[in-house]
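Structure file coords.csv; described as CSV, C-alpha atoms.
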```csv
chain,number,residue,atom,x,y,z
A,1,MET,CA,-16.1,29.5,-0.5
A,2,ASN,CA,-15.5,26.1,-2.2
A,3,GLY,CA,-12.0,27.3,-2.9
A,4,SER,CA,-11.6,29.1,0.4
A,5,PRO,CA,-8.7,28.5,2.8
A,6,ALA,CA,-11.0,26.5,5.1
A,7,ALA,CA,-12.2,24.3,2.3
A,8,GLY,CA,-8.5,23.9,1.2
A,9,LEU,CA,-7.6,22.9,4.7
A,10,VAL,CA,-10.3,20.3,4.7
A,11,ARG,CA,-9.3,18.9,1.3
A,12,GLY,CA,-5.6,19.0,2.4
A,13,TRP,CA,-6.4,17.0,5.5
A,14,VAL,CA,-8.5,14.5,3.6
A,15,ARG,CA,-5.7,14.1,1.0
A,16,LEU,CA,-3.2,13.5,3.8
A,17,TYR,CA,-5.0,10.8,5.7
A,18,THR,CA,-6.2,9.0,2.6
A,19,SER,CA,-2.8,9.0,0.9
A,20,GLY,CA,-1.5,5.5,0.4
A,21,LEU,CA,-4.9,3.8,0.5
A,22,PRO,CA,-6.2,1.7,-2.4
A,23,PRO,CA,-7.4,4.1,-5.1
A,24,LYS,CA,-11.0,3.1,-4.9
A,25,LEU,CA,-11.2,3.7,-1.2
A,26,ARG,CA,-9.1,6.9,-1.4
A,27,ASP,CA,-11.1,8.5,-4.2
A,28,ALA,CA,-14.4,7.5,-2.6
A,29,ARG,CA,-13.6,9.4,0.6
A,30,ARG,CA,-12.1,12.4,-1.2
A,31,ASP,CA,-15.1,12.7,-3.5
A,32,GLU,CA,-17.6,12.4,-0.7
A,33,VAL,CA,-16.0,15.2,1.3
A,34,ASP,CA,-15.5,17.2,-1.8
A,35,ASP,CA,-19.3,16.9,-2.5
A,36,ASP,CA,-20.0,17.8,1.1
A,37,LEU,CA,-17.9,21.0,0.8
A,38,TRP,CA,-19.7,21.9,-2.5
A,39,CYS,CA,-23.1,21.4,-0.9
A,40,GLU,CA,-22.2,23.4,2.2
A,41,HIS,CA,-20.9,26.2,-0.1
A,42,GLU,CA,-24.1,26.2,-2.1
A,43,GLU,CA,-26.3,26.3,0.9
A,44,ALA,CA,-24.3,29.1,2.5
A,45,ALA,CA,-24.6,31.1,-0.7
A,46,GLU,CA,-28.4,30.6,-0.8
A,47,ALA,CA,-28.8,31.5,2.9
A,48,GLY,CA,-26.5,34.5,2.6
A,49,ARG,CA,-24.1,33.3,5.3
A,50,SER,CA,-20.9,35.2,5.7
A,51,ARG,CA,-17.6,33.6,4.5
A,52,ARG,CA,-16.2,33.8,8.0
A,53,ALA,CA,-19.2,31.9,9.5
A,54,LEU,CA,-19.0,29.3,6.8
A,55,GLY,CA,-15.2,29.0,7.2
A,56,ALA,CA,-15.5,28.6,10.9
A,57,ASP,CA,-18.1,25.9,10.4
A,58,LEU,CA,-15.9,24.0,8.0
A,59,VAL,CA,-12.9,24.1,10.3
A,60,LEU,CA,-15.0,22.9,13.3
A,61,ARG,CA,-16.4,20.0,11.2
A,62,LEU,CA,-12.8,19.2,10.3
A,63,LEU,CA,-11.4,19.5,13.8
A,64,PHE,CA,-14.2,17.4,15.5
A,65,GLY,CA,-13.7,14.7,13.0
A,66,ILE,CA,-10.0,14.3,13.1
A,67,PRO,CA,-10.0,11.5,15.8
A,68,ALA,CA,-12.5,9.6,13.7
A,69,ASP,CA,-10.5,10.2,10.5
A,70,VAL,CA,-7.3,8.8,12.2
A,71,SER,CA,-9.1,5.8,13.5
A,72,TRP,CA,-10.8,5.1,10.1
A,73,ARG,CA,-7.4,5.4,8.4
A,74,LEU,CA,-5.8,3.0,10.9
A,75,SER,CA,-8.6,0.5,10.5
A,76,SER,CA,-8.5,0.8,6.7
A,77,GLY,CA,-4.9,-0.3,6.7
A,78,GLY,CA,-1.6,1.6,6.8
A,79,ARG,CA,-0.9,0.9,3.2
A,80,ALA,CA,-2.4,-0.2,0.0
A,81,PRO,CA,-2.8,-4.0,-0.1
A,82,GLU,CA,-0.7,-5.9,-2.5
A,83,PRO,CA,-2.4,-7.0,-5.6
A,84,ASN,CA,-3.6,-10.5,-5.5
A,85,LEU,CA,-0.4,-12.3,-6.5
A,86,VAL,CA,-0.3,-15.8,-7.8
A,87,ARG,CA,2.7,-17.8,-8.8
A,88,THR,CA,2.7,-18.5,-12.5
A,89,PRO,CA,4.8,-21.5,-13.4
A,90,SER,CA,6.8,-21.0,-16.6
A,91,MET,CA,9.6,-22.9,-18.1
A,92,GLY,CA,11.6,-19.7,-18.6
A,93,ALA,CA,11.3,-18.7,-15.0
A,94,ARG,CA,12.3,-22.2,-13.9
A,95,ALA,CA,15.3,-22.2,-16.2
A,96,VAL,CA,16.5,-18.8,-14.8
A,97,GLY,CA,15.9,-20.0,-11.3
A,98,ALA,CA,17.8,-23.2,-12.0
A,99,SER,CA,20.7,-21.1,-13.4
A,100,ALA,CA,20.9,-19.0,-10.2
A,101,ILE,CA,20.9,-22.1,-8.1
A,102,ILE,CA,23.6,-23.8,-10.2
A,103,ALA,CA,25.8,-20.6,-9.9
A,104,VAL,CA,25.3,-20.5,-6.1
A,105,LEU,CA,26.0,-24.2,-5.7
A,106,GLY,CA,29.0,-23.9,-7.9
A,107,PHE,CA,30.5,-21.1,-5.9
A,108,GLY,CA,29.7,-23.1,-2.7
A,109,PHE,CA,31.5,-26.1,-4.1
A,110,LEU,CA,34.5,-23.8,-5.0
A,111,GLY,CA,34.5,-22.5,-1.4
A,112,VAL,CA,34.6,-26.1,-0.1
A,113,LEU,CA,37.3,-27.0,-2.5
A,114,THR,CA,39.4,-24.0,-1.6
A,115,SER,CA,39.1,-24.7,2.2
A,116,THR,CA,39.9,-28.3,1.6
A,117,LEU,CA,42.9,-28.0,-0.7
A,118,GLY,CA,44.1,-24.5,0.2
A,119,PRO,CA,43.7,-21.1,-1.5
A,120,ASP,CA,46.5,-21.7,-4.0
A,121,MET,CA,45.4,-25.1,-5.3
A,122,GLY,CA,44.0,-23.5,-8.4
A,123,THR,CA,47.1,-21.7,-9.3
A,124,THR,CA,50.5,-22.8,-7.9
A,125,GLY,CA,50.0,-25.6,-5.5
A,126,GLY,CA,47.4,-27.8,-7.1
A,127,SER,CA,47.5,-30.6,-9.6
A,128,SER,CA,46.3,-30.1,-13.2
A,129,THR,CA,43.1,-32.1,-12.3
A,130,HIS,CA,42.3,-29.6,-9.5
A,131,ILE,CA,43.1,-26.6,-11.6
A,132,GLY,CA,40.9,-28.0,-14.4
A,133,MET,CA,38.1,-28.6,-11.9
A,134,VAL,CA,38.3,-25.1,-10.4
A,135,VAL,CA,38.4,-23.5,-13.9
A,136,GLY,CA,35.5,-25.6,-15.0
A,137,VAL,CA,33.4,-24.8,-12.0
A,138,ILE,CA,34.2,-21.1,-12.4
A,139,VAL,CA,33.2,-21.2,-16.1
A,140,VAL,CA,29.9,-23.0,-15.3
A,141,CYS,CA,29.1,-20.6,-12.4
A,142,CYS,CA,29.8,-17.5,-14.5
A,143,ILE,CA,27.7,-18.8,-17.4
A,144,ALA,CA,24.9,-19.7,-14.9
A,145,PHE,CA,25.1,-16.1,-13.5
A,146,LEU,CA,25.0,-14.7,-17.0
A,147,VAL,CA,21.9,-16.6,-17.8
A,148,ALA,CA,20.3,-15.7,-14.4
A,149,ALA,CA,21.0,-12.0,-14.8
A,150,LEU,CA,19.7,-11.7,-18.3
A,151,GLY,CA,16.9,-14.1,-17.7
A,152,LEU,CA,15.7,-12.1,-14.6
A,153,ALA,CA,15.8,-8.9,-16.5
A,154,LEU,CA,13.8,-10.5,-19.4
A,155,LEU,CA,11.3,-12.1,-17.1
A,156,TYR,CA,10.5,-8.7,-15.5
A,157,GLN,CA,11.1,-6.6,-18.6
A,158,ASP,CA,7.7,-5.0,-18.2
A,159,ARG,CA,8.7,-3.6,-14.8
A,160,VAL,CA,12.5,-3.3,-14.9
A,161,GLY,CA,13.8,0.2,-15.7
A,162,PRO,CA,17.0,1.3,-17.4
A,163,LEU,CA,19.0,0.8,-14.2
A,164,GLY,CA,18.0,-2.9,-14.0
A,165,GLY,CA,18.5,-3.5,-17.7
A,166,PHE,CA,21.9,-1.9,-17.7
A,167,GLY,CA,22.7,-3.8,-14.5
A,168,ALA,CA,21.9,-7.1,-16.1
A,169,LEU,CA,24.2,-6.2,-19.0
A,170,VAL,CA,27.0,-5.1,-16.6
A,171,MET,CA,26.6,-8.4,-14.7
A,172,THR,CA,26.7,-10.4,-18.0
A,173,LEU,CA,29.9,-8.5,-18.8
A,174,GLY,CA,31.2,-9.3,-15.3
A,175,ALA,CA,30.5,-13.0,-15.8
A,176,LEU,CA,32.6,-12.9,-19.0
A,177,THR,CA,35.4,-10.9,-17.4
A,178,VAL,CA,35.6,-13.4,-14.6
A,179,ILE,CA,36.1,-16.2,-17.2
A,180,GLY,CA,38.4,-14.2,-19.4
A,181,ALA,CA,40.5,-12.2,-16.9
A,182,GLY,CA,39.5,-13.2,-13.4
A,183,PHE,CA,38.1,-9.7,-12.8
A,184,ALA,CA,34.8,-9.9,-10.9
A,185,ALA,CA,34.0,-6.3,-10.1
A,186,PRO,CA,31.4,-5.8,-12.9
A,187,LEU,CA,29.6,-9.0,-11.7
A,188,PHE,CA,29.0,-7.5,-8.3
A,189,VAL,CA,28.3,-3.9,-9.6
A,190,GLY,CA,25.8,-5.2,-12.2
A,191,SER,CA,24.1,-7.4,-9.6
A,192,ALA,CA,23.7,-4.5,-7.3
A,193,MET,CA,22.2,-2.3,-10.0
A,194,LEU,CA,19.8,-5.1,-11.0
A,195,MET,CA,18.7,-5.8,-7.5
A,196,VAL,CA,18.2,-2.1,-6.7
A,197,ASP,CA,15.8,-1.9,-9.6
A,198,LEU,CA,14.0,-5.2,-8.9
A,199,ALA,CA,13.5,-4.0,-5.3
A,200,ARG,CA,12.1,-0.7,-6.6
A,201,VAL,CA,9.4,-2.6,-8.5
A,202,GLY,CA,8.8,-5.0,-5.7
A,203,VAL,CA,10.2,-8.2,-7.2
A,204,VAL,CA,12.7,-8.7,-4.4
A,205,SER,CA,12.8,-7.6,-0.8
A,206,ARG,CA,14.5,-4.2,0.0
A,207,LEU,CA,17.1,-6.1,2.0
A,208,VAL,CA,18.5,-7.7,-1.2
A,209,PRO,CA,19.9,-4.6,-2.8
A,210,ILE,CA,21.4,-3.5,0.5
A,211,VAL,CA,23.3,-6.8,0.6
A,212,HIS,CA,24.3,-6.5,-3.1
A,213,VAL,CA,25.4,-2.9,-2.9
A,214,ALA,CA,27.5,-3.6,0.3
A,215,THR,CA,29.1,-6.6,-1.4
A,216,ALA,CA,30.0,-4.5,-4.5
A,217,ILE,CA,31.4,-1.7,-2.3
A,218,LEU,CA,33.5,-4.1,-0.2
A,219,PHE,CA,34.7,-6.0,-3.3
A,220,ILE,CA,35.7,-2.8,-5.2
A,221,SER,CA,37.3,-1.3,-2.1
A,222,GLY,CA,39.3,-4.5,-1.6
A,223,VAL,CA,40.4,-4.5,-5.3
A,224,THR,CA,41.3,-0.8,-5.3
A,225,SER,CA,43.3,-1.1,-2.1
A,226,GLY,CA,45.1,-4.1,-3.5
A,227,GLN,CA,43.7,-6.5,-0.8
A,228,ASP,CA,41.6,-8.8,-3.0
A,229,THR,CA,43.0,-11.8,-1.3
A,230,ILE,CA,41.5,-13.5,1.7
A,231,ASP,CA,43.1,-12.5,5.0
A,232,PRO,CA,41.1,-14.3,7.7
A,233,GLY,CA,42.3,-11.9,10.4
A,234,GLY,CA,41.2,-8.7,8.7
A,235,LEU,CA,37.9,-7.1,9.6
A,236,ARG,CA,37.1,-6.1,6.1
A,237,ASN,CA,37.8,-9.5,4.8
A,238,TRP,CA,35.5,-10.9,7.5
A,239,LEU,CA,32.9,-8.4,6.4
A,240,SER,CA,33.5,-9.4,2.8
A,241,ALA,CA,33.0,-13.1,3.6
A,242,VAL,CA,29.7,-12.4,5.4
A,243,SER,CA,28.6,-10.0,2.7
A,244,PHE,CA,29.5,-12.5,-0.1
A,245,THR,CA,27.8,-15.3,1.6
A,246,SER,CA,24.6,-13.2,2.0
A,247,TRP,CA,25.0,-12.2,-1.7
A,248,MET,CA,25.1,-15.9,-2.7
A,249,LEU,CA,22.2,-16.7,-0.4
A,250,THR,CA,20.0,-14.0,-1.9
A,251,TRP,CA,20.8,-15.4,-5.4
A,252,GLY,CA,19.9,-18.8,-4.1
A,253,ALA,CA,16.6,-17.5,-2.7
A,254,ILE,CA,15.8,-15.8,-6.0
A,255,GLY,CA,16.5,-19.1,-7.8
A,256,VAL,CA,14.2,-21.1,-5.5
A,257,SER,CA,11.5,-18.4,-5.8
A,258,LEU,CA,11.7,-18.5,-9.6
A,259,ILE,CA,11.5,-22.3,-9.7
A,260,ARG,CA,8.3,-22.0,-7.7
A,261,GLY,CA,6.9,-19.6,-10.4
A,262,VAL,CA,6.9,-15.9,-11.2
A,263,ARG,CA,4.6,-13.8,-9.0
A,264,LYS,CA,2.0,-12.1,-11.1
A,265,ALA,CA,-1.1,-10.1,-10.3
A,266,GLN,CA,-4.2,-12.2,-10.6
A,267,ALA,CA,-7.1,-10.8,-12.6
A,268,PRO,CA,-9.9,-9.7,-10.3
A,269,SER,CA,-12.7,-12.1,-10.3
A,270,ALA,CA,-16.0,-10.8,-11.6
B,1,MET,CA,-24.3,3.4,19.4
B,2,PRO,CA,-25.8,6.9,19.3
B,3,LEU,CA,-24.0,8.1,16.2
B,4,GLU,CA,-25.2,5.2,14.1
B,5,VAL,CA,-28.6,5.6,15.5
B,6,SER,CA,-28.6,9.3,14.6
B,7,VAL,CA,-27.5,8.5,11.1
B,8,LEU,CA,-30.2,5.9,10.6
B,9,GLN,CA,-32.8,8.1,12.1
B,10,ALA,CA,-31.8,11.0,9.9
B,11,ALA,CA,-32.0,8.8,6.8
B,12,LEU,CA,-35.4,7.5,7.8
B,13,GLN,CA,-36.7,11.0,8.5
B,14,LEU,CA,-35.6,12.0,5.1
B,15,ARG,CA,-37.3,9.0,3.6
B,16,GLY,CA,-40.5,10.0,5.4
B,17,ARG,CA,-40.3,13.3,3.5
B,18,GLY,CA,-39.9,11.5,0.2
B,19,VAL,CA,-36.1,11.4,0.0
B,20,ASP,CA,-35.3,7.7,-0.4
B,21,GLU,CA,-31.6,8.2,-0.9
B,22,ALA,CA,-29.5,10.8,0.8
B,23,HIS,CA,-25.9,11.9,0.4
B,24,GLY,CA,-23.5,12.8,3.3
B,25,PHE,CA,-24.2,16.5,3.5
B,26,LEU,CA,-28.0,16.0,3.5
B,27,LEU,CA,-27.7,13.5,6.3
B,28,ALA,CA,-25.4,16.0,8.2
B,29,LYS,CA,-27.9,18.7,7.7
B,30,GLU,CA,-30.7,16.5,9.0
B,31,MET,CA,-28.7,15.7,12.1
B,32,ARG,CA,-27.7,19.3,12.8
B,33,HIS,CA,-30.6,20.0,15.0
B,34,GLY,CA,-30.1,16.9,17.2
B,35,ARG,CA,-28.0,16.6,20.3
B,36,ARG,CA,-24.2,16.7,19.9
B,37,ALA,CA,-24.7,17.8,16.4
B,38,ARG,CA,-21.4,19.5,16.0
B,39,ARG,CA,-19.5,16.3,16.8
B,40,LEU,CA,-21.8,14.0,15.0
B,41,THR,CA,-21.7,15.9,11.7
B,42,ALA,CA,-17.9,16.4,11.7
B,43,TYR,CA,-16.6,15.1,8.4
B,44,GLY,CA,-14.5,12.3,10.0
B,45,THR,CA,-17.2,11.1,12.3
B,46,LEU,CA,-20.0,11.2,9.8
B,47,TYR,CA,-18.2,9.4,6.9
B,48,LYS,CA,-16.7,6.9,9.2
B,49,ALA,CA,-20.1,6.1,10.6
B,50,LEU,CA,-21.5,5.8,7.1
B,51,ASP,CA,-18.7,3.5,6.1
B,52,ARG,CA,-19.3,1.3,9.2
B,53,LEU,CA,-23.1,1.2,8.7
B,54,GLU,CA,-22.7,0.2,5.1
B,55,ARG,CA,-20.2,-2.6,6.1
B,56,ALA,CA,-22.7,-3.8,8.7
B,57,GLY,CA,-25.4,-4.0,6.0
B,58,TYR,CA,-27.6,-1.3,7.6
B,59,LEU,CA,-27.0,1.1,4.7
B,60,ALA,CA,-26.6,0.5,1.0
B,61,SER,CA,-24.9,3.1,-1.2
B,62,ARG,CA,-24.5,3.9,-4.9
B,63,TRP,CA,-22.5,6.5,-6.8
B,64,GLU,CA,-24.6,8.6,-9.0
B,65,ASP,CA,-24.1,8.8,-12.7
B,66,PRO,CA,-21.0,10.9,-13.3
B,67,ASP,CA,-22.7,12.6,-16.2
B,68,ILE,CA,-25.3,14.1,-13.9
B,69,ALA,CA,-22.6,15.5,-11.6
B,70,ALA,CA,-20.7,16.9,-14.6
B,71,ARG,CA,-23.8,18.5,-16.0
B,72,ASP,CA,-24.5,20.2,-12.6
B,73,GLY,CA,-20.8,21.2,-12.3
B,74,ARG,CA,-20.2,19.6,-9.0
B,75,PRO,CA,-18.3,16.6,-7.6
B,76,ARG,CA,-19.9,13.1,-8.0
B,77,ARG,CA,-22.2,12.2,-5.2
B,78,ARG,CA,-22.7,9.0,-3.2
B,79,PHE,CA,-26.3,8.2,-2.1
B,80,TYR,CA,-27.2,6.1,0.9
B,81,ARG,CA,-30.4,4.3,1.7
B,82,VAL,CA,-31.4,2.4,4.8
B,83,THR,CA,-31.8,-1.3,4.3
B,84,LEU,CA,-34.3,-3.6,5.9
B,85,GLU,CA,-31.6,-4.8,8.3
B,86,GLY,CA,-30.9,-1.1,9.1
B,87,GLU,CA,-34.5,-0.5,9.9
B,88,GLY,CA,-34.6,-3.5,12.2
B,89,ALA,CA,-31.3,-2.6,13.9
B,90,LEU,CA,-32.6,0.9,14.5
B,91,ALA,CA,-35.9,-0.4,16.0
B,92,ARG,CA,-33.9,-2.7,18.3
B,93,ALA,CA,-31.5,0.1,19.3
B,94,ILE,CA,-34.5,2.4,20.2
B,95,ALA,CA,-36.2,-0.4,22.1
B,96,ASP,CA,-33.0,-1.1,24.0
B,97,GLU,CA,-32.6,2.5,24.8
B,98,ARG,CA,-36.1,2.7,26.1
B,99,ASP,CA,-35.7,-0.4,28.2
B,100,GLU,CA,-32.5,1.1,29.8
B,101,ALA,CA,-34.3,4.4,30.4
B,102,LEU,CA,-37.3,2.8,32.1
B,103,PRO,CA,-35.6,1.5,35.2
B,104,ARG,CA,-33.8,4.8,35.6
B,105,SER,CA,-37.0,6.8,35.3
B,106,ALA,CA,-38.7,4.3,37.6
B,107,ALA,CA,-36.0,4.8,40.2
B,108,VAL,CA,-36.8,8.5,40.5
B,109,GLN,CA,-40.6,8.1,40.5
B,110,PRO,CA,-42.2,8.5,43.9
B,111,SER,CA,-43.6,5.1,45.1
```
Using structure tokens, write down the structure from this file.
Amino acid sequence: MNGSPAAGLVRGWVRLYTSGLPPKLRDARRDEVDDDLWCEHEEAAEAGRSRRALGADLVLRLLFGIPADVSWRLSSGGRAPEPNLVRTPSMGARAVGASAIIAVLGFGFLGVLTSTLGPDMGTTGGSSTHIGMVVGVIVVCCIAFLVAALGLALLYQDRVGPLGGFGALVMTLGALTVIGAGFAAPLFVGSAMLMVDLARVGVVSRLVPIVHVATAILFISGVTSGQDTIDPGGLRNWLSAVSFTSWMLTWGAIGVSLIRGVRKAQAPSA
Amino acid sequence: MPLEVSVLQAALQLRGRGVDEAHGFLLAKEMRHGRRARRLTAYGTLYKALDRLERAGYLASRWEDPDIAARDGRPRRRFYRVTLEGEGALARAIADERDEALPRSAAVQPS
């Protein structure tokens, strides 16, 4: 009877309402009910009770307890609590965070420069000083992004999977192609890959990869359709501007967070 | 709370028969003959009550040595025992119940 459909039903229900709980709490409840089923089976066998009578008893004990199970589950928390995280200050994390912030500030400075002097000041309409300044800022920003991407992947190397690792490499390549050829698509694609993986392991919020994937898609679709220049009147360009700003802000937030220290699980106190 | 009272009473009845610690099924079995037994001994109701009583400090529990469970070929077992606080709480609950019952019974007594 211990492996009967009724016992299976009880076990299945217990598995269902305990799923997602902290392992200790989850296993305790599962083991207790499992032992209860075992005892009930043993007693029924000794008393010579029919399988049907025992099955009915198990199902009734299950059904009468469902409201209490649901209420217990709700009071035990809808999800497993996060491990006790503490911010661990480290020079490496701070350097990576500072790089991200430098990159974001640099791009912000470029945006201000572009809006002040006009979009062509870096190519046809600007003085050599302006051109040099724009190129210099772009180089600094790209190197800073390169350091931030690789540094982030290294900081979380114990958690980042192949997608994140490859994303960091693609982003590094993107930073170099921006400097060498003015081609930024790999920067956004690599960043999206890295953020998807970091969100998977809980390092960044799930909103971050959404922003990064949207930015990558908008950027690539703009490049492939030949509209990689800013047209303030176009809806896609407006979306691109919002998406790119959010992209920058998320990198800025990651930078600030890293300067405050890497979040690591604290060893449980004795 | 009648369920908690029933659990503590069952545990103390078992103790009276020499069973100092009881697991969930044993408590359920002890409670089977009481009022509303079906509802009280339902898995969810019983284990939620045990959990609540332990958190309140009225019961203490321990997991048995896993080697014993393995040797007997059964799942590991959790044993509960009533604490001093539990005994006191049960005594108070019974006294309160009696106090509440007295005016009611007095009301139906012929004067």
Problem set entry | Point-to-point distance in Å for atom CA of Thr83 of chain B and atom CA of Gly18 of chain B |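 According to the coordinates, atom CA of Gly18 of chain B and atom CA of Thr83 of chain B are separated by 15.7 Å.
Across the structure, atom CA of Leu218 of chain A and atom CA of Ser240 of chain A are spaced 6.1 Å apart.
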Each residue of chain B lying at most 12 Å from chain A should get a row with its shortest atom-to-atom pair and the distance in Å to one decimal, counting all atoms listed in the file; could you produce that, ordered by chain and increasing number, as JSON lines?
```
{"residue": "B:Leu3", "atom": "CA", "partner": "A:Ala68", "partner_atom": "CA", "distance": 11.9}
{"residue": "B:Ala22", "atom": "CA", "partner": "A:Asp36", "partner_atom": "CA", "distance": 11.8}
{"residue": "B:His23", "atom": "CA", "partner": "A:Asp36", "partner_atom": "CA", "distance": 8.4}
{"residue": "B:Gly24", "atom": "CA", "partner": "A:Asp36", "partner_atom": "CA", "distance": 6.5}
{"residue": "B:Phe25", "atom": "CA", "partner": "A:Asp36", "partner_atom": "CA", "distance": 5.0}
{"residue": "B:Leu26", "atom": "CA", "partner": "A:Cys39", "partner_atom": "CA", "distance": 8.5}
{"residue": "B:Leu27", "atom": "CA", "partner": "A:Asp36", "partner_atom": "CA", "distance": 10.2}
{"residue": "B:Ala28", "atom": "CA", "partner": "A:Asp36", "partner_atom": "CA", "distance": 9.1}
{"residue": "B:Lys29", "atom": "CA", "partner": "A:Glu40", "partner_atom": "CA", "distance": 9.2}
{"residue": "B:Arg32", "atom": "CA", "partner": "A:Arg61", "partner_atom": "CA", "distance": 11.4}
{"residue": "B:Arg36", "atom": "CA", "partner": "A:Phe64", "partner_atom": "CA", "distance": 10.9}
{"residue": "B:Ala37", "atom": "CA", "partner": "A:Arg61", "partner_atom": "CA", "distance": 10.0}
{"residue": "B:Arg38", "atom": "CA", "partner": "A:Arg61", "partner_atom": "CA", "distance": 6.9}
{"residue": "B:Arg39", "atom": "CA", "partner": "A:Phe64", "partner_atom": "CA", "distance": 5.6}
{"residue": "B:Leu40", "atom": "CA", "partner": "A:Phe64", "partner_atom": "CA", "distance": 8.3}
{"residue": "B:Thr41", "atom": "CA", "partner": "A:Arg61", "partner_atom": "CA", "distance": 6.7}
{"residue": "B:Ala42", "atom": "CA", "partner": "A:Arg61", "partner_atom": "CA", "distance": 3.9}
{"residue": "B:Tyr43", "atom": "CA", "partner": "A:Gly65", "partner_atom": "CA", "distance": 5.5}
{"residue": "B:Gly44", "atom": "CA", "partner": "A:Gly65", "partner_atom": "CA", "distance": 3.9}
{"residue": "B:Thr45", "atom": "CA", "partner": "A:Gly65", "partner_atom": "CA", "distance": 5.1}
{"residue": "B:Leu46", "atom": "CA", "partner": "A:Gly65", "partner_atom": "CA", "distance": 7.9}
{"residue": "B:Tyr47", "atom": "CA", "partner": "A:Arg29", "partner_atom": "CA", "distance": 7.8}
{"residue": "B:Lys48", "atom": "CA", "partner": "A:Trp72", "partner_atom": "CA", "distance": 6.2}
{"residue": "B:Ala49", "atom": "CA", "partner": "A:Ala68", "partner_atom": "CA", "distance": 8.9}
{"residue": "B:Leu50", "atom": "CA", "partner": "A:Arg29", "partner_atom": "CA", "distance": 10.8}
{"residue": "B:Asp51", "atom": "CA", "partner": "A:Trp72", "partner_atom": "CA", "distance": 9.0}
{"residue": "B:Arg52", "atom": "CA", "partner": "A:Trp72", "partner_atom": "CA", "distance": 9.4}
{"residue": "B:Ser61", "atom": "CA", "partner": "A:Ala28", "partner_atom": "CA", "distance": 11.5}
{"residue": "B:Arg62", "atom": "CA", "partner": "A:Ala28", "partner_atom": "CA", "distance": 11.0}
{"residue": "B:Trp63", "atom": "CA", "partner": "A:Ala28", "partner_atom": "CA", "distance": 9.2}
{"residue": "B:Glu64", "atom": "CA", "partner": "A:Glu32", "partner_atom": "CA", "distance": 11.5}
{"residue": "B:Pro66", "atom": "CA", "partner": "A:Asp31", "partner_atom": "CA", "distance": 11.6}
{"residue": "B:Ala69", "atom": "CA", "partner": "A:Asp35", "partner_atom": "CA", "distance": 9.8}
{"residue": "B:Asp72", "atom": "CA", "partner": "A:Trp38", "partner_atom": "CA", "distance": 11.3}
{"residue": "B:Gly73", "atom": "CA", "partner": "A:Trp38", "partner_atom": "CA", "distance": 9.9}
{"residue": "B:Arg74", "atom": "CA", "partner": "A:Trp38", "partner_atom": "CA", "distance": 6.9}
{"residue": "B:Pro75", "atom": "CA", "partner": "A:Asp35", "partner_atom": "CA", "distance": 5.2}
{"residue": "B:Arg76", "atom": "CA", "partner": "A:Asp31", "partner_atom": "CA", "distance": 6.6}
{"residue": "B:Arg77", "atom": "CA", "partner": "A:Asp35", "partner_atom": "CA", "distance": 6.1}
{"residue": "B:Arg78", "atom": "CA", "partner": "A:Glu32", "partner_atom": "CA", "distance": 6.6}
{"residue": "B:Phe79", "atom": "CA", "partner": "A:Glu32", "partner_atom": "CA", "distance": 9.8}
{"residue": "B:Tyr80", "atom": "CA", "partner": "A:Glu32", "partner_atom": "CA", "distance": 11.6}
```
Problem set entry | From B:Ala95, B:Leu8, B:Ala70, B:Leu14, residue lying nearest Gly57 of chain B [all atoms listed in the file] | B:Leu8
For this session: Pick out the closest residue to Leu12 of chain B from this set: B:Arg71, B:Arg81, B:Arg55, B:His33. Count only C-alpha atoms.
Result: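 Comparing B:Arg71, B:Arg81, B:Arg55, B:His33 against Leu12 of chain B, the winner is B:Arg81.
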Exercise. What is the atom CA of Gly255 of chain A-atom CA of Ile101 of chain A distance in Å, reported with one decimal?
Worked result: 5.3 Å
Problem set entry | Residue nearest Ala7 of chain A - candidates A:Ala56, A:Leu173, A:Cys142, A:Val211, atoms counted: only C-alpha atoms |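 Among the listed residues, A:Ala56 lies closest to Ala7 of chain A.
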